[in-house]
Each structure stands twice: as structure tokens, then as C-alpha cells.
Amino acid sequence: MSAVNHELSSGKLVLRQGDITRSRAQAIVNAANSSLMGGGGVDGAIHRAAGPKLLQACREIVREQGQLPPGEAVITPGFELPARYVIHTVGPVWQQGRKGEAELLESAYLSSIRLAEEKGLTSLAFPAISCGAYGFPVEFASELALKAMARGLEQTGLQEISVYLFSERDFSTWTAQAERLFGKGIEEE
Ligand code: AR6
């Protein structure tokens, strides 16, 4: 698996190409929808890998607090996953940038980081929220996401944040963006 590592003053930010369900981070983030009932893309992969108890846990959350609005996040156990927790967040559906999508995407990242901080976690892995079915332009998303992650490392006890890019093309867009924002990273196998 390819990875590019950026050692920032406040922690490590690592871009990885691959499947987030294999991540060894303490928590992985799910790009869910407001129903929390599973779906396609990374959501489907996470539910498959975690097993049916994940859906039960999500049902309970929805019963207690209703649907999850875009930009917010909730946490469940990771069940069969290597990760101890799954943080479920909902990104915005891209609507030509006219509906506050940038702020909502930023908020999806920051709410997830806050939840990880509340649990005292030191490592967290994200997918490219909203960059699949929800149609957010990948380059713009990568800029917002990487800035939010860098801020998260500065403001919390998190030591390492990874972002998993599924396709080679997304991986190269995100690594170019990270190089622009943070300078050249260190390539790892
Ligand atoms: N690991 C890492 N990234 C993945 C994986 C994986 N296993 N599988 C897909 N991706 P999407 P969204 C990438 O559509 O845009 C779901 O149905 C994918 O290539 O999963 O936030 C939900 O239930 C893309 O770059 O999430 C919602 O209804 C990125 O993950 C809706 O889709 C996000 O794509 C959410 O849409």
C-alpha cells in the first residue's frame, strides 16, 4: 500500500491508498447518510466488515436521537473491525456550492475529531467524505479536509490522522494538495 507521511509540528498526517476497513487506527470514520442505516460506497464496506451489530447500534442511536444531520457525528463500537470505534458522520450532498456545502464538510471532519478527542483517542482514520455518491469536487474537498485535519491535530490530543483514498486518481489529487499545503511528505510503501 502506498502512503505519504507528513510530520506536522502537532502530529502525523498520513495519506494512504487503500481500504479503510483494514485500518489499524483506534477509530475509523464512516461517510454515512442521515438514516444511519448503511448504504453503498465506504458505508457499505464498513457495515460488511463490522458485522450486523453495527446496524443494531446505529438503529439504537436513531431511536434515541433521530436522524443525524449533515455536519454532525456519532460514535459506536467497531465490532468485527480492527478499529475499536466507528465514528459516523454525514457529509453534504454537493449542490454547486450554494448550500453551505464547504462549511458542512468542514464540520463533518471537525465533529468527528471532537468525538475522538472526547474518547481520549490518539489515532483516527478518515475516508474522503462526500467525494463519492455525494459528488463533492475532490480537489476542493481535499483542501478543506486537510486543513481541518491539521487544525484537529493542533487542537486535540490526537497524534495521528490518516486519510484513506480508494482510487489511484484520488490518492494523487490528495497527495498533491497535501504537498501544496504542508510541503513534501515522506513516501512509504
Ligand atoms: N475504503 C476507503 N474509501 C472508500 C471505500 C473503502 N472501502 N469504498 C469507497 N471509498 P461514498 P459519500 C471511497 O460514496 O460521497 C453511501 O451510500 C469512494 O471512492 O462512500 O459521502 C452512504 O450511505 C469515495 O472517494 O460516500 C451515503 O448515502 C469516498 O469513499 C452516501 O453514500 C466516499 O464515497 C455518502 O456519499
# chains A, B, ... in the order shown; residues from 1 in each chain; ligands from 1

$ closest_atom_pairs --of "chain A" --to "ligand 1" --cutoff "6 Å" --atoms "only C-alpha atoms and all ligand atoms" --output "tab-separated table"
residue	atom	partner	partner_atom_place_in_ligand_line	distance
A:Asp19	CA	ligand 1	1 (N)	3.6
A:Ile20	CA	ligand 1	1 (N)	4.0
A:Thr21	CA	ligand 1	7 (N)	5.9
A:Ala31	CA	ligand 1	21 (O)	4.6
A:Ala32	CA	ligand 1	22 (C)	4.5
A:Asn33	CA	ligand 1	27 (C)	4.3
A:Gly38	CA	ligand 1	23 (O)	5.1
A:Gly39	CA	ligand 1	23 (O)	3.5
A:Gly40	CA	ligand 1	17 (O)	3.5
A:Gly41	CA	ligand 1	20 (O)	3.4
A:Val42	CA	ligand 1	8 (N)	3.6
A:Asp43	CA	ligand 1	23 (O)	5.2
A:Ala45	CA	ligand 1	7 (N)	5.2
A:Gly91	CA	ligand 1	21 (O)	5.5
A:Pro127	CA	ligand 1	3 (N)	5.0
A:Ala128	CA	ligand 1	29 (C)	4.6
A:Ile129	CA	ligand 1	21 (O)	4.4
A:Ser130	CA	ligand 1	21 (O)	3.2
A:Cys131	CA	ligand 1	15 (O)	4.3
A:Gly132	CA	ligand 1	34 (O)	3.2
A:Ala133	CA	ligand 1	14 (O)	3.8
A:Tyr134	CA	ligand 1	15 (O)	3.9
A:Gly135	CA	ligand 1	15 (O)	5.9
A:Tyr164	CA	ligand 1	2 (C)	5.2
A:Leu165	CA	ligand 1	3 (N)	5.4
A:Phe166	CA	ligand 1	3 (N)	4.5

$ write_last_selection --atoms "C-alpha atoms" --output "tab-separated table (two decimals), in the first residue's frame"
chain	number	residue	atom	x	y	z
A	19	ASP	CA	-9.44	0.20	2.05
A	20	ILE	CA	-10.25	1.99	5.32
A	21	THR	CA	-11.81	-1.15	6.85
A	31	ALA	CA	-19.23	8.62	5.40
A	32	ALA	CA	-22.81	7.71	6.27
A	33	ASN	CA	-26.19	9.19	5.40
A	38	GLY	CA	-25.99	1.71	5.82
A	39	GLY	CA	-25.64	2.24	2.08
A	40	GLY	CA	-23.14	1.84	-0.75
A	41	GLY	CA	-19.52	3.01	-1.03
A	42	VAL	CA	-17.43	3.18	2.10
A	43	ASP	CA	-20.57	2.94	4.30
A	45	ALA	CA	-17.85	-1.69	3.15
A	91	GLY	CA	-21.18	14.94	4.61
A	127	PRO	CA	-12.31	8.37	4.09
A	128	ALA	CA	-12.86	11.13	1.51
A	129	ILE	CA	-16.24	12.22	2.90
A	130	SER	CA	-18.78	13.34	0.23
A	131	CYS	CA	-16.34	12.58	-2.63
A	132	GLY	CA	-18.30	9.59	-3.98
A	133	ALA	CA	-22.10	9.38	-4.23
A	134	TYR	CA	-22.46	12.91	-2.78
A	135	GLY	CA	-20.48	14.42	-5.67
A	164	TYR	CA	-7.72	6.62	3.02
A	165	LEU	CA	-8.10	7.29	-0.68
A	166	PHE	CA	-9.64	4.42	-2.55

$ select_by_dssp --residues "chain A" --states "strand (DSSP E or B)" --output "number ranges by chain"
A: 3-8, 11-17, 27-32, 73-77, 85-90, 123-126, 160-165, 186-188

$ atom_distance --atom1 "CA of Ala150 in chain A" --atom2 "CA of Val138 in chain A"
18.0 Å

$ closest_residue --among "A:Gln65, A:Ser123, A:Gln155, A:Thr173" --to "Ile28 in chain A" --atoms "only C-alpha atoms"
A:Ser123

$ select_by_dssp --residues "range 54-161 of chain A" --states "helix (DSSP H, G or I)" --output "ChimeraX atom specification"
/A:54-65,101-118,138-155

$ atom_distance --atom1 "CA of Ala25 in chain A" --atom2 "CA of His47 in chain A"
16.8 Å

$ closest_residue --among "A:Arg114, A:Arg98, A:Lys184, A:Arg48" --to "Glu72 in chain A" --atoms "only C-alpha atoms"
A:Arg114

$ residues_around --residues "Ala57 in chain A" --least-positions-apart "5" --cutoff "10 Å" --atoms "only C-alpha atoms" --output "PDB file with all heavy atoms, in the first residue's frame"
ATOM      1  N   LEU A  36     -28.468   6.564   8.922  1.00  0.00           N
ATOM      2  CA  LEU A  36     -27.512   5.645   9.567  1.00  0.00           C
ATOM      3  C   LEU A  36     -27.840   4.178   9.318  1.00  0.00           C
ATOM      4  O   LEU A  36     -27.423   3.305  10.080  1.00  0.00           O
ATOM      5  CB  LEU A  36     -27.426   5.903  11.086  1.00  0.00           C
ATOM      6  CG  LEU A  36     -26.845   7.227  11.560  1.00  0.00           C
ATOM      7  CD1 LEU A  36     -26.782   7.259  13.091  1.00  0.00           C
ATOM      8  CD2 LEU A  36     -25.434   7.441  11.005  1.00  0.00           C
ATOM      9  N   PRO A  52     -23.255  -7.390  11.575  1.00  0.00           N
ATOM     10  CA  PRO A  52     -24.618  -6.874  11.757  1.00  0.00           C
ATOM     11  C   PRO A  52     -24.847  -6.082  13.050  1.00  0.00           C
ATOM     12  O   PRO A  52     -25.804  -5.315  13.141  1.00  0.00           O
ATOM     13  CB  PRO A  52     -25.494  -8.137  11.751  1.00  0.00           C
ATOM     14  CG  PRO A  52     -24.572  -9.283  11.965  1.00  0.00           C
ATOM     15  CD  PRO A  52     -23.211  -8.862  11.482  1.00  0.00           C
ATOM     16  N   VAL A  62     -30.495   6.168  16.334  1.00  0.00           N
ATOM     17  CA  VAL A  62     -31.570   6.885  15.629  1.00  0.00           C
ATOM     18  C   VAL A  62     -32.850   6.869  16.464  1.00  0.00           C
ATOM     19  O   VAL A  62     -33.588   7.860  16.515  1.00  0.00           O
ATOM     20  CB  VAL A  62     -31.796   6.303  14.211  1.00  0.00           C
ATOM     21  CG1 VAL A  62     -33.001   6.921  13.544  1.00  0.00           C
ATOM     22  CG2 VAL A  62     -30.547   6.513  13.356  1.00  0.00           C
ATOM     23  N   ARG A  63     -33.085   5.742  17.155  1.00  0.00           N
ATOM     24  CA  ARG A  63     -34.278   5.669  18.018  1.00  0.00           C
ATOM     25  C   ARG A  63     -34.175   6.724  19.131  1.00  0.00           C
ATOM     26  O   ARG A  63     -35.156   7.378  19.466  1.00  0.00           O
ATOM     27  CB  ARG A  63     -34.371   4.270  18.625  1.00  0.00           C
ATOM     28  CG  ARG A  63     -35.756   3.944  19.138  1.00  0.00           C
ATOM     29  CD  ARG A  63     -36.023   2.462  19.318  1.00  0.00           C
ATOM     30  NE  ARG A  63     -34.906   1.750  19.906  1.00  0.00           N
ATOM     31  CZ  ARG A  63     -34.363   0.640  19.379  1.00  0.00           C
ATOM     32  NH1 ARG A  63     -34.834   0.138  18.263  1.00  0.00           N
ATOM     33  NH2 ARG A  63     -33.367   0.043  19.975  1.00  0.00           N
ATOM     34  N   ILE A  75     -20.811   8.081  17.622  1.00  0.00           N
ATOM     35  CA  ILE A  75     -19.793   7.029  17.738  1.00  0.00           C
ATOM     36  C   ILE A  75     -20.434   5.706  18.172  1.00  0.00           C
ATOM     37  O   ILE A  75     -21.375   5.700  18.966  1.00  0.00           O
ATOM     38  CB  ILE A  75     -18.668   7.490  18.702  1.00  0.00           C
ATOM     39  CG1 ILE A  75     -17.467   6.542  18.660  1.00  0.00           C
ATOM     40  CG2 ILE A  75     -19.177   7.672  20.120  1.00  0.00           C
ATOM     41  CD1 ILE A  75     -16.189   7.151  19.260  1.00  0.00           C
ATOM     42  N   THR A  76     -19.938   4.604  17.608  1.00  0.00           N
ATOM     43  CA  THR A  76     -20.355   3.250  18.001  1.00  0.00           C
ATOM     44  C   THR A  76     -19.086   2.401  18.168  1.00  0.00           C
ATOM     45  O   THR A  76     -18.013   2.799  17.707  1.00  0.00           O
ATOM     46  CB  THR A  76     -21.214   2.576  16.907  1.00  0.00           C
ATOM     47  OG1 THR A  76     -20.394   2.378  15.746  1.00  0.00           O
ATOM     48  CG2 THR A  76     -22.455   3.378  16.553  1.00  0.00           C
ATOM     49  N   PRO A  77     -19.232   1.213  18.743  1.00  0.00           N
ATOM     50  CA  PRO A  77     -18.098   0.285  18.708  1.00  0.00           C
ATOM     51  C   PRO A  77     -17.791  -0.135  17.276  1.00  0.00           C
ATOM     52  O   PRO A  77     -18.625   0.036  16.379  1.00  0.00           O
ATOM     53  CB  PRO A  77     -18.600  -0.924  19.514  1.00  0.00           C
ATOM     54  CG  PRO A  77     -19.770  -0.444  20.304  1.00  0.00           C
ATOM     55  CD  PRO A  77     -20.386   0.663  19.497  1.00  0.00           C
ATOM     56  N   PHE A  79     -17.028  -3.324  16.535  1.00  0.00           N
ATOM     57  CA  PHE A  79     -17.398  -4.741  16.436  1.00  0.00           C
ATOM     58  C   PHE A  79     -16.312  -5.565  15.763  1.00  0.00           C
ATOM     59  O   PHE A  79     -15.220  -5.632  16.278  1.00  0.00           O
ATOM     60  CB  PHE A  79     -18.788  -4.878  15.787  1.00  0.00           C
ATOM     61  CG  PHE A  79     -19.839  -4.161  16.600  1.00  0.00           C
ATOM     62  CD1 PHE A  79     -20.378  -2.948  16.195  1.00  0.00           C
ATOM     63  CD2 PHE A  79     -20.247  -4.674  17.828  1.00  0.00           C
ATOM     64  CE1 PHE A  79     -21.307  -2.269  16.970  1.00  0.00           C
ATOM     65  CE2 PHE A  79     -21.181  -4.001  18.624  1.00  0.00           C
ATOM     66  CZ  PHE A  79     -21.714  -2.800  18.187  1.00  0.00           C
TER      67      PHE A  79
END

$ residues_around --residues "Ser107 in chain A" --least-positions-apart "6" --cutoff "10 Å" --atoms "only C-alpha atoms" --output "list in words"
Pro70, Gly71, Glu72, Ala73, Thr89, Val90, Gly91, Pro92, Glu101, Ile113, Leu144, Ala145 and Ala148 of chain A

$ write_last_selection --atoms "C-alpha atoms" --output "mmCIF file, in the first residue's frame"
data_model
loop_
_atom_site.group_PDB
_atom_site.id
_atom_site.type_symbol
_atom_site.label_atom_id
_atom_site.label_comp_id
_atom_site.auth_asym_id
_atom_site.auth_seq_id
_atom_site.Cartn_x
_atom_site.Cartn_y
_atom_site.Cartn_z
ATOM 1 C CA PRO A 70 -25.123 16.686 7.817
ATOM 2 C CA GLY A 71 -22.012 18.006 9.578
ATOM 3 C CA GLU A 72 -22.647 16.086 12.825
ATOM 4 C CA ALA A 73 -21.141 12.837 14.129
ATOM 5 C CA THR A 89 -20.688 11.400 10.130
ATOM 6 C CA VAL A 90 -22.763 12.765 7.267
ATOM 7 C CA GLY A 91 -21.178 14.942 4.612
ATOM 8 C CA PRO A 92 -23.137 17.353 2.422
ATOM 9 C CA GLU A 101 -21.504 22.588 1.497
ATOM 10 C CA ILE A 113 -12.242 14.813 15.506
ATOM 11 C CA LEU A 144 -10.974 21.691 3.213
ATOM 12 C CA ALA A 145 -10.384 18.245 4.727
ATOM 13 C CA ALA A 148 -9.478 20.640 9.139
#

$ atom_distance --atom1 "CA of Gly152 in chain A" --atom2 "CA of Thr122 in chain A"
11.3 Å

$ decode --residues "range 29-41 of chain A" --atoms "all heavy atoms" --output "PDB file, in the first residue's frame"
ATOM      1  N   VAL A  29     -13.670   6.611  10.492  1.00  0.00           N
ATOM      2  CA  VAL A  29     -14.852   7.441  10.258  1.00  0.00           C
ATOM      3  C   VAL A  29     -15.620   6.876   9.072  1.00  0.00           C
ATOM      4  O   VAL A  29     -15.030   6.480   8.068  1.00  0.00           O
ATOM      5  CB  VAL A  29     -14.440   8.910  10.008  1.00  0.00           C
ATOM      6  CG1 VAL A  29     -15.653   9.762   9.657  1.00  0.00           C
ATOM      7  CG2 VAL A  29     -13.723   9.472  11.238  1.00  0.00           C
ATOM      8  N   ASN A  30     -16.930   6.833   9.224  1.00  0.00           N
ATOM      9  CA  ASN A  30     -17.814   6.376   8.154  1.00  0.00           C
ATOM     10  C   ASN A  30     -18.487   7.572   7.497  1.00  0.00           C
ATOM     11  O   ASN A  30     -19.022   8.438   8.193  1.00  0.00           O
ATOM     12  CB  ASN A  30     -18.881   5.439   8.746  1.00  0.00           C
ATOM     13  CG  ASN A  30     -19.798   4.849   7.683  1.00  0.00           C
ATOM     14  OD1 ASN A  30     -19.473   4.907   6.497  1.00  0.00           O
ATOM     15  ND2 ASN A  30     -20.918   4.298   8.100  1.00  0.00           N
ATOM     16  N   ALA A  31     -18.473   7.609   6.155  1.00  0.00           N
ATOM     17  CA  ALA A  31     -19.228   8.615   5.395  1.00  0.00           C
ATOM     18  C   ALA A  31     -20.638   8.071   5.217  1.00  0.00           C
ATOM     19  O   ALA A  31     -20.953   7.430   4.221  1.00  0.00           O
ATOM     20  CB  ALA A  31     -18.558   8.868   4.045  1.00  0.00           C
ATOM     21  N   ALA A  32     -21.473   8.307   6.227  1.00  0.00           N
ATOM     22  CA  ALA A  32     -22.812   7.709   6.274  1.00  0.00           C
ATOM     23  C   ALA A  32     -23.834   8.633   5.620  1.00  0.00           C
ATOM     24  O   ALA A  32     -23.478   9.660   5.032  1.00  0.00           O
ATOM     25  CB  ALA A  32     -23.174   7.454   7.737  1.00  0.00           C
ATOM     26  N   ASN A  33     -25.108   8.259   5.736  1.00  0.00           N
ATOM     27  CA  ASN A  33     -26.192   9.187   5.399  1.00  0.00           C
ATOM     28  C   ASN A  33     -27.025   9.379   6.659  1.00  0.00           C
ATOM     29  O   ASN A  33     -26.847   8.659   7.640  1.00  0.00           O
ATOM     30  CB  ASN A  33     -27.020   8.676   4.211  1.00  0.00           C
ATOM     31  CG  ASN A  33     -27.651   7.322   4.503  1.00  0.00           C
ATOM     32  OD1 ASN A  33     -28.477   7.193   5.398  1.00  0.00           O
ATOM     33  ND2 ASN A  33     -27.225   6.304   3.771  1.00  0.00           N
ATOM     34  N   SER A  34     -27.954  10.345   6.622  1.00  0.00           N
ATOM     35  CA  SER A  34     -28.669  10.739   7.842  1.00  0.00           C
ATOM     36  C   SER A  34     -29.459   9.613   8.495  1.00  0.00           C
ATOM     37  O   SER A  34     -29.714   9.647   9.692  1.00  0.00           O
ATOM     38  CB  SER A  34     -29.605  11.905   7.534  1.00  0.00           C
ATOM     39  OG  SER A  34     -28.832  13.039   7.250  1.00  0.00           O
ATOM     40  N   SER A  35     -29.839   8.595   7.723  1.00  0.00           N
ATOM     41  CA  SER A  35     -30.636   7.497   8.300  1.00  0.00           C
ATOM     42  C   SER A  35     -29.777   6.562   9.140  1.00  0.00           C
ATOM     43  O   SER A  35     -30.291   5.813   9.957  1.00  0.00           O
ATOM     44  CB  SER A  35     -31.320   6.691   7.182  1.00  0.00           C
ATOM     45  OG  SER A  35     -30.386   5.797   6.577  1.00  0.00           O
ATOM     46  N   LEU A  36     -28.468   6.564   8.922  1.00  0.00           N
ATOM     47  CA  LEU A  36     -27.512   5.645   9.567  1.00  0.00           C
ATOM     48  C   LEU A  36     -27.840   4.178   9.318  1.00  0.00           C
ATOM     49  O   LEU A  36     -27.423   3.305  10.080  1.00  0.00           O
ATOM     50  CB  LEU A  36     -27.426   5.903  11.086  1.00  0.00           C
ATOM     51  CG  LEU A  36     -26.845   7.227  11.560  1.00  0.00           C
ATOM     52  CD1 LEU A  36     -26.782   7.259  13.091  1.00  0.00           C
ATOM     53  CD2 LEU A  36     -25.434   7.441  11.005  1.00  0.00           C
ATOM     54  N   MET A  37     -28.581   3.909   8.259  1.00  0.00           N
ATOM     55  CA  MET A  37     -28.998   2.531   8.005  1.00  0.00           C
ATOM     56  C   MET A  37     -28.103   1.816   7.000  1.00  0.00           C
ATOM     57  O   MET A  37     -28.484   0.809   6.410  1.00  0.00           O
ATOM     58  CB  MET A  37     -30.470   2.490   7.528  1.00  0.00           C
ATOM     59  CG  MET A  37     -31.483   2.827   8.609  1.00  0.00           C
ATOM     60  SD  MET A  37     -31.402   1.710  10.046  1.00  0.00           S
ATOM     61  CE  MET A  37     -30.567   2.699  11.256  1.00  0.00           C
ATOM     62  N   GLY A  38     -26.914   2.338   6.766  1.00  0.00           N
ATOM     63  CA  GLY A  38     -25.993   1.714   5.817  1.00  0.00           C
ATOM     64  C   GLY A  38     -26.272   2.220   4.413  1.00  0.00           C
ATOM     65  O   GLY A  38     -27.176   3.027   4.208  1.00  0.00           O
ATOM     66  N   GLY A  39     -25.481   1.757   3.459  1.00  0.00           N
ATOM     67  CA  GLY A  39     -25.640   2.236   2.079  1.00  0.00           C
ATOM     68  C   GLY A  39     -24.563   1.629   1.218  1.00  0.00           C
ATOM     69  O   GLY A  39     -24.041   0.555   1.529  1.00  0.00           O
ATOM     70  N   GLY A  40     -24.187   2.344   0.156  1.00  0.00           N
ATOM     71  CA  GLY A  40     -23.140   1.844  -0.748  1.00  0.00           C
ATOM     72  C   GLY A  40     -21.791   2.403  -0.324  1.00  0.00           C
ATOM     73  O   GLY A  40     -21.606   2.847   0.810  1.00  0.00           O
ATOM     74  N   GLY A  41     -20.838   2.391  -1.241  1.00  0.00           N
ATOM     75  CA  GLY A  41     -19.524   3.008  -1.030  1.00  0.00           C
ATOM     76  C   GLY A  41     -18.847   2.564   0.248  1.00  0.00           C
ATOM     77  O   GLY A  41     -18.929   1.396   0.651  1.00  0.00           O
TER      78      GLY A  41
END
